[in-house]
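Peer 1: Below is the file upload.cif, with mmCIF, C-alpha atoms.
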```cif
data_my_file
loop_
_atom_site.label_atom_id
_atom_site.label_comp_id
_atom_site.auth_asym_id
_atom_site.auth_seq_id
_atom_site.Cartn_x
_atom_site.Cartn_y
_atom_site.Cartn_z
CA MET H 106 -36.90 -32.60 -104.36
CA VAL H 107 -34.71 -35.42 -105.64
CA THR H 108 -31.99 -34.25 -108.02
CA TRP H 109 -31.43 -35.72 -111.45
CA ARG H 110 -28.00 -36.89 -110.44
CA LYS H 111 -29.40 -38.86 -107.51
CA LEU H 112 -32.12 -40.39 -109.67
CA ALA H 113 -29.59 -41.37 -112.33
CA ALA H 114 -27.37 -42.91 -109.66
CA LEU H 115 -30.33 -44.78 -108.17
CA THR H 116 -31.40 -46.10 -111.59
CA ILE H 117 -27.92 -47.25 -112.57
CA THR H 118 -27.37 -48.83 -109.15
CA LEU H 119 -30.63 -50.77 -109.31
CA VAL H 120 -30.09 -51.91 -112.89
CA VAL H 121 -26.56 -53.09 -112.09
CA ALA H 122 -27.81 -54.79 -108.91
CA ARG H 123 -30.52 -56.53 -110.91
CA LEU H 124 -27.95 -57.74 -113.42
CA ALA H 125 -25.73 -58.92 -110.58
CA VAL H 126 -28.57 -61.01 -109.16
CA TYR H 127 -29.28 -62.35 -112.63
CA ALA H 128 -25.58 -63.17 -113.04
CA VAL H 129 -25.48 -65.16 -109.81
CA ILE H 130 -28.49 -67.23 -110.84
CA ALA H 131 -27.20 -67.52 -114.42
CA GLN H 132 -24.08 -69.37 -113.27
CA TRP H 133 -26.11 -72.57 -113.53
CA PHE H 134 -27.42 -71.64 -116.99
CA GLY H 135 -24.23 -70.96 -118.96
CA GLY H 136 -23.50 -67.45 -117.73
CA LEU H 137 -25.36 -64.15 -117.81
CA ALA H 138 -25.16 -63.27 -121.50
CA ASP H 139 -26.19 -66.69 -122.76
CA ALA H 140 -28.88 -67.24 -120.12
CA MET H 141 -30.47 -63.87 -120.87
CA CYS H 142 -30.35 -64.50 -124.62
CA GLN H 143 -33.47 -66.58 -125.11
CA TYR H 144 -35.83 -66.71 -128.09
CA ASP H 145 -35.84 -63.45 -130.14
CA CYS H 146 -32.50 -62.38 -128.68
CA GLY H 147 -30.83 -65.03 -130.81
CA TRP H 148 -32.46 -63.60 -133.92
CA TYR H 149 -31.31 -60.08 -133.11
CA VAL H 150 -27.76 -61.15 -132.35
CA ARG H 151 -27.49 -63.25 -135.52
CA LEU H 152 -28.94 -60.38 -137.53
CA ALA H 153 -26.36 -58.04 -136.05
CA THR H 154 -23.48 -60.28 -137.00
CA GLU H 155 -24.73 -61.87 -140.23
CA GLY H 156 -27.29 -59.48 -141.71
CA TYR H 157 -30.63 -60.05 -143.35
CA MET H 158 -29.56 -62.03 -146.36
CA SER H 159 -27.66 -64.51 -144.26
CA ASP H 160 -28.37 -68.11 -143.59
CA SER H 161 -29.89 -67.96 -140.14
CA THR H 162 -30.84 -71.16 -138.44
CA TRP H 163 -33.59 -72.13 -136.08
CA ASP H 164 -32.83 -75.28 -134.14
CA THR H 165 -32.87 -78.22 -136.51
CA LEU H 166 -35.27 -76.65 -138.96
CA GLY H 167 -32.56 -75.32 -141.22
CA PRO H 168 -32.39 -72.00 -143.03
CA VAL H 169 -35.18 -69.57 -142.25
CA PRO H 170 -35.95 -65.96 -143.12
CA ASN H 171 -35.35 -63.26 -140.53
CA TRP H 172 -37.24 -60.43 -142.20
CA ALA H 173 -39.80 -60.06 -139.41
CA PHE H 174 -37.17 -58.43 -137.19
CA PHE H 175 -36.80 -54.71 -137.79
CA PRO H 176 -33.34 -53.32 -138.45
CA LEU H 177 -32.60 -50.55 -135.96
CA PHE H 178 -31.91 -52.66 -132.88
CA PRO H 179 -29.66 -55.19 -134.68
CA LEU H 180 -27.80 -52.27 -136.26
CA LEU H 181 -27.20 -50.82 -132.80
CA ILE H 182 -25.99 -54.21 -131.54
CA ARG H 183 -23.57 -54.30 -134.44
CA ALA H 184 -22.32 -50.84 -133.49
CA ALA H 185 -22.05 -51.92 -129.83
CA GLU H 186 -20.07 -54.99 -130.92
CA ALA H 187 -17.68 -52.77 -132.87
CA VAL H 188 -17.24 -50.35 -129.96
CA THR H 189 -16.92 -52.88 -127.13
CA ARG H 190 -15.26 -55.70 -129.09
CA LEU H 191 -17.58 -58.07 -127.25
CA ARG H 192 -19.56 -60.87 -128.84
CA GLY H 193 -23.15 -60.14 -129.84
CA GLU H 194 -24.83 -61.59 -126.75
CA TRP H 195 -22.79 -59.35 -124.42
CA ALA H 196 -22.95 -56.28 -126.67
CA GLY H 197 -26.73 -56.66 -126.97
CA LEU H 198 -27.12 -57.11 -123.22
CA ILE H 199 -25.09 -54.00 -122.40
CA LEU H 200 -26.84 -51.98 -125.10
CA ALA H 201 -30.31 -52.99 -123.88
CA ASN H 202 -29.47 -52.02 -120.30
CA VAL H 203 -28.03 -48.64 -121.29
CA LEU H 204 -31.20 -47.97 -123.30
CA PHE H 205 -33.28 -49.14 -120.34
CA VAL H 206 -31.57 -46.66 -118.03
CA GLY H 207 -32.32 -44.00 -120.66
CA PHE H 208 -35.96 -45.04 -120.75
CA VAL H 209 -36.36 -44.92 -116.97
CA LEU H 210 -34.78 -41.46 -116.74
CA ALA H 211 -36.66 -40.05 -119.75
CA SER H 212 -39.81 -41.37 -118.08
CA VAL H 213 -38.95 -39.45 -114.91
CA GLU H 214 -39.23 -36.24 -116.93
CA TYR H 215 -42.40 -37.44 -118.69
CA LEU H 216 -43.99 -38.41 -115.36
CA ARG H 217 -42.95 -35.08 -113.82
CA ARG H 218 -45.04 -33.41 -116.53
CA THR H 219 -47.99 -35.80 -116.58
CA ARG H 220 -48.14 -37.18 -113.03
CA PRO H 221 -46.45 -34.59 -110.83
CA GLY H 222 -47.60 -36.28 -107.64
CA LEU H 223 -45.74 -39.51 -108.32
CA ASP H 224 -42.52 -39.94 -106.36
CA PRO H 225 -39.80 -40.39 -109.03
CA ARG H 226 -37.88 -42.75 -106.70
CA LEU H 227 -40.92 -45.02 -106.56
CA TRP H 228 -41.11 -45.00 -110.36
CA VAL H 229 -37.42 -45.85 -110.72
CA ALA H 230 -37.66 -48.69 -108.19
CA PHE H 231 -40.86 -50.03 -109.71
CA ALA H 232 -39.54 -49.88 -113.30
CA VAL H 233 -36.42 -51.85 -112.41
CA LEU H 234 -38.05 -54.31 -110.03
CA PHE H 235 -41.24 -55.06 -111.97
CA PRO H 236 -40.78 -58.81 -112.50
CA PHE H 237 -42.05 -59.06 -116.06
CA GLY H 238 -39.88 -56.20 -117.25
CA PHE H 239 -36.79 -58.41 -117.35
CA THR H 240 -36.77 -58.27 -121.18
CA PHE H 241 -35.68 -54.64 -120.82
CA SER H 242 -32.38 -56.13 -119.67
CA ALA H 243 -32.17 -58.73 -122.44
CA ALA H 244 -31.05 -58.11 -126.02
CA TYR H 245 -34.59 -57.40 -127.13
CA SER H 246 -35.84 -54.24 -128.84
CA GLU H 247 -38.13 -53.45 -125.87
CA SER H 248 -35.83 -50.95 -124.15
CA LEU H 249 -35.08 -49.06 -127.39
CA PHE H 250 -38.75 -48.95 -128.31
CA ALA H 251 -39.82 -47.71 -124.87
CA LEU H 252 -37.11 -45.04 -124.81
CA LEU H 253 -38.00 -43.76 -128.27
CA THR H 254 -41.71 -43.73 -127.42
CA ILE H 255 -41.16 -41.47 -124.43
CA LEU H 256 -38.73 -39.22 -126.31
CA VAL H 257 -41.33 -38.75 -129.08
CA LEU H 258 -43.98 -37.75 -126.55
CA LEU H 259 -41.60 -35.33 -124.81
CA ALA H 260 -40.74 -33.74 -128.17
CA LEU H 261 -44.44 -33.44 -129.02
CA GLN H 262 -45.12 -31.76 -125.66
CA ASP H 263 -42.35 -29.25 -126.47
CA ARG H 264 -43.89 -28.70 -129.93
CA ARG H 265 -40.67 -29.83 -131.60
CA MET H 266 -42.49 -31.54 -134.44
CA LEU H 267 -39.57 -32.41 -136.70
CA LEU H 268 -37.65 -33.92 -133.81
CA ALA H 269 -40.72 -35.96 -132.85
CA ALA H 270 -41.10 -37.07 -136.47
CA GLY H 271 -37.43 -38.07 -136.71
CA LEU H 272 -37.70 -40.11 -133.53
CA THR H 273 -40.89 -41.69 -134.85
CA ALA H 274 -38.98 -42.69 -137.98
CA LEU H 275 -36.52 -44.50 -135.69
CA LEU H 276 -39.46 -46.03 -133.81
CA CYS H 277 -40.85 -47.31 -137.12
CA ALA H 278 -37.46 -48.91 -137.85
CA THR H 279 -37.52 -50.66 -134.48
CA ARG H 280 -40.82 -52.51 -134.44
CA PRO H 281 -43.94 -52.66 -136.63
CA THR H 282 -46.03 -51.04 -133.90
CA GLY H 283 -43.92 -47.90 -134.33
CA VAL H 284 -46.45 -46.81 -136.96
CA LEU H 285 -48.97 -46.31 -134.16
CA MET H 286 -47.21 -43.05 -133.36
CA ILE H 287 -48.06 -41.61 -136.79
CA PRO H 288 -51.72 -40.84 -135.93
CA ILE H 289 -50.43 -39.03 -132.84
CA ILE H 290 -48.14 -36.89 -135.02
CA LEU H 291 -51.07 -36.32 -137.39
CA ALA H 292 -53.27 -35.10 -134.56
CA HIS H 293 -50.56 -32.73 -133.35
CA VAL H 294 -50.11 -31.12 -136.77
CA ALA H 295 -53.72 -31.22 -137.96
CA VAL H 296 -55.30 -29.31 -135.10
CA PRO H 297 -53.05 -26.21 -135.39
CA LEU H 298 -53.38 -26.37 -139.17
CA TRP H 299 -57.17 -26.37 -138.94
CA ARG H 300 -57.09 -23.41 -136.59
CA ALA H 301 -54.86 -21.51 -139.01
CA ARG H 302 -56.92 -22.33 -142.09
CA LEU H 303 -58.03 -18.72 -142.62
CA GLU H 304 -54.60 -17.19 -142.27
CA ALA H 305 -52.93 -15.57 -145.26
CA ASP H 306 -49.86 -17.84 -145.32
CA ILE H 307 -51.80 -21.10 -145.17
CA TRP H 308 -49.45 -22.89 -147.62
CA ALA H 309 -46.53 -22.16 -145.35
CA ARG H 310 -48.52 -23.75 -142.53
CA VAL H 311 -49.28 -26.75 -144.76
CA GLY H 312 -45.56 -27.21 -145.41
CA GLU H 313 -44.83 -27.01 -141.68
CA ALA H 314 -47.53 -29.61 -141.00
CA LEU H 315 -46.79 -32.02 -143.82
CA LEU H 316 -43.04 -32.38 -143.35
CA PRO H 317 -43.26 -34.13 -139.93
CA LEU H 318 -45.95 -36.40 -141.35
CA ALA H 319 -43.73 -37.27 -144.28
CA VAL H 320 -40.69 -37.93 -142.10
CA ALA H 321 -42.42 -40.05 -139.44
CA PRO H 322 -42.91 -43.29 -141.47
CA LEU H 323 -39.46 -43.12 -143.11
CA GLY H 324 -37.97 -45.89 -140.97
CA LEU H 325 -40.56 -48.38 -142.12
CA SER H 326 -40.57 -47.14 -145.72
CA LEU H 327 -36.81 -47.51 -146.08
CA TYR H 328 -36.97 -51.02 -144.61
CA MET H 329 -39.77 -51.88 -147.06
CA LEU H 330 -37.68 -50.55 -149.95
CA TYR H 331 -34.74 -52.66 -148.81
CA GLN H 332 -36.96 -55.74 -148.66
CA TYR H 333 -38.34 -55.03 -152.11
CA PHE H 334 -34.88 -54.93 -153.67
CA MET H 335 -33.46 -57.85 -151.70
CA ILE H 336 -36.46 -60.16 -151.49
CA GLY H 337 -38.92 -58.88 -154.03
CA ASP H 338 -41.65 -58.28 -151.46
CA ALA H 339 -41.80 -54.91 -149.72
CA LEU H 340 -44.23 -56.39 -147.20
CA ALA H 341 -42.12 -59.45 -146.43
CA PHE H 342 -41.76 -58.36 -142.79
CA SER H 343 -45.51 -58.75 -142.48
CA HIS H 344 -45.99 -61.77 -144.69
CA VAL H 345 -43.42 -63.92 -142.89
CA GLN H 346 -45.30 -63.47 -139.63
CA LEU H 347 -47.04 -66.64 -140.80
CA LEU H 348 -43.97 -68.52 -139.65
CA TRP H 349 -44.64 -67.41 -136.10
CA GLY H 350 -48.23 -68.55 -136.38
CA ARG H 351 -49.48 -65.00 -136.83
CA GLU H 352 -52.42 -64.74 -139.17
CA TRP H 353 -55.03 -61.99 -139.08
CA THR H 354 -58.24 -63.38 -137.60
CA GLY H 355 -59.19 -60.47 -135.34
CA PRO H 356 -58.75 -59.81 -131.61
CA LEU H 357 -62.12 -61.18 -130.53
CA ASN H 358 -61.58 -64.41 -132.39
CA GLN H 359 -58.13 -64.80 -130.83
CA LEU H 360 -59.46 -64.10 -127.35
CA TRP H 361 -62.30 -66.55 -127.81
CA ASN H 362 -59.96 -69.30 -128.98
CA ALA H 363 -57.45 -68.58 -126.21
CA PHE H 364 -59.97 -68.72 -123.39
CA SER H 365 -61.78 -71.67 -124.95
CA ALA H 366 -58.50 -73.58 -124.90
CA TRP H 367 -58.22 -72.99 -121.11
CA ASP H 368 -54.66 -74.27 -121.17
CA TRP H 369 -53.35 -72.87 -117.90
CA GLN H 370 -51.39 -76.06 -117.30
CA ARG H 371 -48.99 -74.84 -119.98
CA VAL H 372 -47.95 -71.76 -117.99
CA LEU H 373 -44.94 -73.56 -116.62
CA ALA H 374 -44.18 -75.48 -119.80
CA VAL H 375 -40.66 -75.29 -121.12
CA ASN H 376 -41.30 -77.13 -124.36
CA GLY H 377 -44.33 -77.00 -126.59
CA ASP H 378 -46.82 -74.20 -127.03
CA ALA H 379 -47.19 -71.45 -124.45
CA SER H 380 -50.44 -71.03 -122.55
CA SER H 381 -52.76 -69.01 -124.78
CA SER H 382 -55.19 -68.44 -121.89
CA TYR H 383 -52.41 -66.87 -119.83
CA ALA H 384 -51.29 -64.69 -122.75
CA ALA H 385 -54.87 -63.64 -123.48
CA SER H 386 -55.32 -62.65 -119.83
CA TRP H 387 -52.41 -60.24 -120.18
CA SER H 388 -54.02 -58.70 -123.24
CA VAL H 389 -57.27 -58.24 -121.33
CA LEU H 390 -55.30 -56.67 -118.50
CA GLY H 391 -53.58 -54.34 -120.96
CA LEU H 392 -56.90 -53.32 -122.49
CA ALA H 393 -58.40 -52.76 -119.03
CA VAL H 394 -55.51 -50.48 -118.10
CA ALA H 395 -55.92 -48.65 -121.42
CA ALA H 396 -59.60 -48.12 -120.60
CA GLY H 397 -58.59 -46.75 -117.20
CA LEU H 398 -56.15 -44.35 -118.85
CA ALA H 399 -58.87 -43.20 -121.26
CA TRP H 400 -61.25 -42.72 -118.33
CA ARG H 401 -58.71 -40.39 -116.74
CA GLY H 402 -58.38 -38.39 -119.96
CA ARG H 403 -54.98 -39.74 -120.94
CA THR H 404 -56.12 -40.26 -124.51
CA ILE H 405 -52.75 -40.62 -126.22
CA GLU H 406 -51.46 -43.12 -123.65
CA ALA H 407 -54.73 -45.08 -123.82
CA PHE H 408 -54.58 -45.23 -127.62
CA LEU H 409 -50.93 -46.31 -127.73
CA LEU H 410 -51.45 -49.02 -125.12
CA ALA H 411 -54.73 -50.34 -126.55
CA ALA H 412 -53.46 -50.33 -130.13
CA SER H 413 -50.20 -52.02 -129.07
CA VAL H 414 -52.32 -54.81 -127.62
CA LEU H 415 -54.99 -55.06 -130.31
CA LEU H 416 -52.65 -55.08 -133.30
CA PRO H 417 -50.68 -58.22 -132.31
CA LEU H 418 -53.75 -59.73 -130.65
CA ALA H 419 -55.50 -59.69 -134.02
CA THR H 420 -53.02 -62.30 -135.24
CA ALA H 421 -52.04 -64.39 -132.20
CA THR H 422 -51.87 -64.28 -128.43
CA HIS H 423 -48.27 -65.32 -127.88
CA SER H 424 -45.80 -62.62 -126.78
CA LEU H 425 -48.71 -60.52 -125.46
CA PRO H 426 -47.45 -60.78 -121.86
CA ARG H 427 -44.17 -59.21 -122.98
CA PHE H 428 -45.84 -56.56 -125.12
CA VAL H 429 -48.09 -55.49 -122.25
CA ALA H 430 -45.56 -55.77 -119.42
CA THR H 431 -42.98 -53.64 -121.21
CA ASN H 432 -45.40 -51.00 -122.46
CA PRO H 433 -44.42 -47.68 -120.85
CA PHE H 434 -48.02 -46.61 -120.22
CA PHE H 435 -48.91 -49.90 -118.59
CA LEU H 436 -45.92 -49.44 -116.28
CA PHE H 437 -46.85 -45.81 -115.54
CA ALA H 438 -50.39 -46.87 -114.66
CA CYS H 439 -49.15 -49.66 -112.39
CA ALA H 440 -46.69 -47.33 -110.62
CA SER H 441 -49.44 -44.73 -110.15
CA LEU H 442 -51.80 -47.35 -108.80
CA LEU H 443 -49.13 -48.59 -106.42
CA ALA H 444 -48.54 -45.05 -105.19
CA ARG H 445 -52.26 -44.49 -104.65
CA ILE H 446 -53.47 -47.67 -103.04
CA ALA H 447 -50.58 -48.88 -100.96
CA SER H 448 -49.73 -47.08 -97.77
CA ARG H 449 -46.80 -49.43 -97.35
CA ARG H 450 -45.79 -49.20 -100.99
CA TRP H 451 -42.07 -49.59 -100.36
CA VAL H 452 -42.68 -52.83 -98.49
CA LEU H 453 -44.65 -54.05 -101.49
CA VAL H 454 -41.96 -52.97 -103.94
CA TRP H 455 -39.09 -54.62 -102.14
CA GLY H 456 -40.89 -57.48 -100.41
CA GLY H 457 -43.19 -58.41 -103.27
CA LEU H 458 -41.50 -57.56 -106.52
CA VAL H 459 -37.97 -58.74 -105.77
CA PRO H 460 -38.83 -62.37 -104.90
CA LEU H 461 -41.28 -62.52 -107.80
CA GLN H 462 -38.60 -61.25 -110.15
CA VAL H 463 -36.26 -64.03 -109.04
CA VAL H 464 -38.97 -66.59 -109.80
CA VAL H 465 -39.67 -65.06 -113.21
CA ILE H 466 -36.02 -64.83 -114.21
CA LEU H 467 -35.56 -68.48 -113.26
CA GLY H 468 -38.41 -69.27 -115.63
CA TRP H 469 -36.68 -67.22 -118.35
CA PHE H 470 -33.39 -69.05 -117.83
CA PHE H 471 -35.28 -72.32 -118.13
CA ALA H 472 -36.64 -70.90 -121.43
CA ALA H 473 -40.24 -71.08 -120.30
CA ASN H 474 -42.33 -70.50 -123.43
CA THR H 475 -44.89 -68.51 -121.49
CA LEU H 476 -42.42 -65.69 -120.94
CA TYR H 477 -41.32 -65.03 -124.50
CA MET Z 227 -44.52 -17.12 -148.20
CA THR Z 228 -40.77 -17.56 -147.87
CA LEU Z 229 -38.49 -19.80 -149.86
CA ARG Z 230 -37.94 -21.89 -146.71
CA HIS Z 231 -41.62 -22.76 -146.51
CA HIS Z 232 -41.74 -23.68 -150.18
CA TRP Z 233 -38.80 -25.98 -149.58
CA LYS Z 234 -40.52 -27.73 -146.70
CA LEU Z 235 -43.70 -28.25 -148.67
CA ALA Z 236 -41.83 -29.57 -151.70
CA LEU Z 237 -39.74 -31.95 -149.61
CA ALA Z 238 -42.82 -33.18 -147.77
CA MET Z 239 -44.65 -33.87 -151.02
CA LEU Z 240 -41.62 -35.64 -152.45
CA LEU Z 241 -41.27 -37.87 -149.39
CA ILE Z 242 -44.98 -38.65 -149.28
CA LEU Z 243 -45.05 -39.57 -152.97
CA ALA Z 244 -41.94 -41.72 -152.65
CA GLN Z 245 -43.36 -43.58 -149.68
CA ALA Z 246 -46.71 -44.02 -151.40
CA GLY Z 247 -44.76 -45.56 -154.27
CA ILE Z 248 -42.98 -47.98 -151.93
CA LEU Z 249 -46.30 -48.99 -150.39
CA GLY Z 250 -47.69 -49.44 -153.88
CA LEU Z 251 -44.80 -51.75 -154.76
CA GLY Z 252 -45.57 -53.79 -151.67
CA LEU Z 253 -49.29 -54.00 -152.27
CA PHE Z 254 -49.51 -54.33 -156.04
CA ALA Z 255 -46.17 -55.29 -157.54
CA PRO Z 256 -44.28 -57.89 -155.55
CA ARG Z 257 -41.54 -59.62 -157.58
CA VAL Z 258 -42.06 -63.05 -156.06
CA SER Z 259 -42.39 -66.59 -157.21
CA ALA Z 260 -45.67 -68.42 -157.42
CA GLY Z 261 -44.63 -70.46 -154.39
CA TYR Z 262 -43.93 -67.42 -152.28
CA ARG Z 263 -47.20 -65.84 -153.35
CA ALA Z 264 -49.16 -68.98 -152.57
CA LEU Z 265 -47.53 -69.40 -149.19
CA PHE Z 266 -47.25 -65.89 -147.82
CA ILE Z 267 -49.57 -63.62 -149.77
CA ASP Z 268 -52.51 -65.72 -150.92
CA LYS Z 269 -51.95 -68.27 -148.13
CA THR Z 270 -53.31 -71.07 -150.25
CA MET Z 271 -50.29 -73.37 -150.20
CA MET Z 272 -49.82 -74.23 -146.57
CA THR Z 273 -51.77 -73.13 -143.56
CA GLU Z 274 -49.84 -74.88 -140.86
CA PRO Z 275 -47.20 -72.53 -139.46
CA TYR Z 276 -43.76 -73.73 -138.45
CA GLN Z 277 -43.77 -76.40 -141.17
CA ALA Z 278 -42.72 -73.93 -143.81
CA HIS Z 279 -39.22 -73.22 -142.59
CA THR Z 280 -37.26 -75.83 -144.41
CA PHE Z 281 -38.01 -74.68 -147.90
CA ILE Z 282 -38.49 -70.96 -147.63
CA TRP Z 283 -34.93 -69.83 -147.56
CA PRO Z 284 -32.68 -71.24 -150.25
CA GLY Z 285 -29.38 -70.57 -148.53
CA PRO Z 286 -26.50 -68.15 -149.01
CA ASP Z 287 -25.26 -69.66 -152.24
CA ARG Z 288 -28.44 -68.70 -154.04
CA VAL Z 289 -29.14 -65.19 -152.82
CA PRO Z 290 -30.44 -62.71 -153.58
CA GLU Z 291 -32.16 -63.42 -156.86
CA THR Z 292 -33.28 -66.78 -155.59
CA ALA Z 293 -34.35 -65.58 -152.20
CA VAL Z 294 -37.90 -66.31 -153.11
CA GLY Z 295 -37.50 -67.58 -156.64
CA VAL Z 296 -36.90 -71.21 -155.87
CA ILE Z 297 -39.59 -71.67 -153.29
CA ALA Z 298 -42.06 -73.29 -155.62
CA SER Z 299 -39.52 -75.79 -156.87
CA GLU Z 300 -38.40 -76.65 -153.35
CA ARG Z 301 -41.88 -77.21 -152.10
CA PRO Z 302 -41.94 -80.47 -150.23
CA GLY Z 303 -44.27 -83.25 -151.21
#
```
How does this structure look as structure tokens?
Peer 2:
Amino acid sequence: MVTWRKLAALTITLVVARLAVYAVIAQWFGGLADAMCQYDCGWYVRLATEGYMSDSTWDTLGPVPNWAFFPLFPLLIRAAEAVTRLRGEWAGLILANVLFVGFVLASVEYLRRTRPGLDPRLWVAFAVLFPFGFTFSAAYSESLFALLTILVLLALQDRRMLLAAGLTALLCATRPTGVLMIPIILAHVAVPLWRARLEADIWARVGEALLPLAVAPLGLSLYMLYQYFMIGDALAFSHVQLLWGREWTGPLNQLWNAFSAWDWQRVLAVNGDASSSYAASWSVLGLAVAAGLAWRGRTIEAFLLAASVLLPLATATHSLPRFVATNPFFLFACASLLARIASRRWVLVWGGLVPLQVVVILGWFFAANTLY
Amino acid sequence: MTLRHHWKLALAMLLILAQAGILGLGLFAPRVSAGYRALFIDKTMMTEPYQAHTFIWPGPDRVPETAVGVIASERPG
């Protein structure tokens, strides 16, 4: 039995070691904080320092709206800046890594409950060394979102519905896909309510059931209200997705177009469009893993993974590799698979994942479009 | 039924109604210019993404009332 203290020490050691390796490589790319801060990181950092109604800039294109980025993570960066007195890139990097350590350790408890046979040390090593999980260490909202997701599920397992709803509200203020947790909350309150429908104090039960449901979307609702007063459009966060080429055409249509393009030569491209075929392959992989989770009766995990793929896939394929590779349930499934199929799993973890991670992080420092 | 349960039910209903109202504002009552509506909501003005950046955001000297109000007048071409 590995103690919590040892697991926490292992996680922190590996995360710091990973950052140290990144820092060595980043010397040739302007230093760790700047090299890690590619693409959306710049948006988050500018949001943290300048706010929504500021004049953000995107290369030479001039002023652009930043309403697509949800407020909780930039607010936390701002708080981290105030506490550490560091500039946004550093504050965001430290914050993301602290949240990532929290996610890995919260997942240890979640996996202990759901996959008791999985060696927690293997999970910790896999989570930190998985090559495409590097955005957990960048100032992206991935680590916050993953941590909150697992905390919600732990609270639901403990039947602490208001806590789960409050955390879901934070999830909804982190990314648009936070709303996917609301049906899970609904299922958890509706089933007991249905069973209690003949009891004398049914209205008391209704109150107990409705309050978590009312609290859960609050993060999104408050952001919508803010956008309505400041912009005039409560759905601006959704409407401006057009600027990122996201327009609802449906997942099948997107997949068809992506594979028809067959643009694998763009995988290594630094400038220009990312490879849509590569991104679509990740979405197919994510959906396949979700199907596997459903097959094994892990319904909630399967739903959250599949919906997290299908929702963005309905509008575009880009960023799908990141969405899939940083999805907690995708990572759990990969770690479980690794534990099951590989007799020399530790050789695979250290010998396979570490060199691959170096290659991937080099691509990130070169700002390879495929990785964002 | 205790007072505590009444309180929870009332608060839940209040929150649900308030959030339904916010969603209603978003769906049915946006306070936006014709340009913003054409570009982002009806999507009839410009279909090519990435070309819209230069005229969407009017700049800090004209916020917040103009955040979307001047879009139509700044439409290129």
Peer 1: On this structure, which residues satisfy the PyMOL selection byres ((chain H) within 10 of (chain Z)), written as a ChimeraX atom specification?
Peer 2: /H:158-163,165-171,305-320,322-323,325-341,343-352
Peer 1: Taking all listed atoms of stretch 380-397 of chain H, build the axis-aligned box, pad each of the six sides by 6 Å, then write its centre and edge lengths in Å to one decimal as JSON.
Peer 2:
```
{"center_x": -55.0, "center_y": -58.9, "center_z": -121.0, "size_x": 21.2, "size_y": 36.3, "size_z": 19.6}
```
Peer 1: Given the choices H:Phe437, H:Trp195, H:Trp469, H:Phe134, which gets closest to H:Phe235 if the distance is worked out from only C-alpha atoms?
Peer 2: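 Looking at the shortest contact to H:Phe235, the residue is H:Phe437.
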Peer 1: Take the PyMOL selection byres ((chain H and resi 211-218) around 10), run it mentally on this structure, and tell me the resulting residues as number ranges by chain.
Peer 2: H: 109, 112-113, 205-210, 219-226, 228-229, 232, 251-256, 258-259, 262, 433-434, 437, 441
Peer 1: Would you mind reading off the distance between atom CA of H:Leu453 and atom CA of H:Ala140, one decimal, in Å?
Peer 2: 27.7 Å
Peer 1: I'd like the interatomic distance between atom CA of H:Ala244 and atom CA of H:Leu268, to a tenth of an Å.
Peer 2: 26.3 Å
Peer 1: For the atom pair atom CA of H:His293 and atom CA of H:Phe408, what is the interatomic distance in Å to one decimal place?
Peer 2: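 Separating atom CA of H:His293 from atom CA of H:Phe408 is a distance of 14.3 Å.
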